[in-house]
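Here's the structure, in structure tokens; my notes come after.
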Amino acid sequence: MEINNFTPITALIGGSLIGLSAIILLASNGKLAGISGVIGGVLTPSARSDMDWRILFLTGLLLGAFLYRWLFDPLTPISLHASTVAVVVGGILTGFGTSIGNGCTSGHGVCGLAQRSLRSLVATMSFMVTGTATVYLLRHTL
């Protein structure tokens, strides 16, 4: 089964908005837009009160997806080609990976690479190679 979801215009717009939001957050707050760090700060708040921007950032992230769906793509069905168990296990493994790697794809791939961080380059390359190998193994060999 081949699925063709490549939409270069919306991908360019979406990527630009992600980059712009990362720049605005860094310029206005001095914080990196790494989603695992933002969520981690909500789940385990520190003594200093920085919960407000975290909640606003995550709310905007979720509302943006719903708003796009509502405005531009309301009739296309959403289907998931994986079992619930696979999604849950994948989510748990992703959580462990972000903890071990001190960040996620947004923190390392967007913010870290923009800062020319060698650690983020290695982390992003690891994400990409591991993701590619996992998809290949699961879709083509198992």
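Note on naming: chains are A, B, ... as they come in the structure tokens, residues start from 1 per chain, ligands start from 1 in the order shown.
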If you count only C-alpha atoms, which residues fall within 8 Å of stretch 102-109 of chain A, apart from same-chain ones fewer than 6 positions away, as JSON, numbers by chain?
{"A": [32, 33, 34, 35, 36, 37, 120, 121, 123, 124, 127]}
Include C-alpha atoms and write out the residues we just selected as a PDB file, in the first residue's frame.
ATOM      1  CA  LEU A  32      14.110  26.719  23.174  1.00  0.00           C
ATOM      2  CA  ALA A  33      11.022  25.297  21.499  1.00  0.00           C
ATOM      3  CA  GLY A  34      11.769  21.676  22.343  1.00  0.00           C
ATOM      4  CA  ILE A  35       8.406  20.028  22.907  1.00  0.00           C
ATOM      5  CA  SER A  36       9.694  17.390  25.330  1.00  0.00           C
ATOM      6  CA  GLY A  37      11.230  20.146  27.477  1.00  0.00           C
ATOM      7  CA  SER A 120      22.058  18.191  18.107  1.00  0.00           C
ATOM      8  CA  LEU A 121      23.492  17.164  14.748  1.00  0.00           C
ATOM      9  CA  ALA A 123      21.058  13.402  17.859  1.00  0.00           C
ATOM     10  CA  THR A 124      19.131  14.361  14.710  1.00  0.00           C
ATOM     11  CA  PHE A 127      16.697   9.994  14.999  1.00  0.00           C
TER      12      PHE A 127
END
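Proximity ranking of A:Thr130, A:Ser99, A:Gln115, A:Thr76 relative to A:Leu26 places A:Gln115 first, based on only C-alpha atoms.
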I need the residues in chain A that are alpha helix (DSSP H) according to DSSP; give them as a PyMOL selection string.
chain A and resi 8-29+35-43+51-72+84-100+113-114+118-136
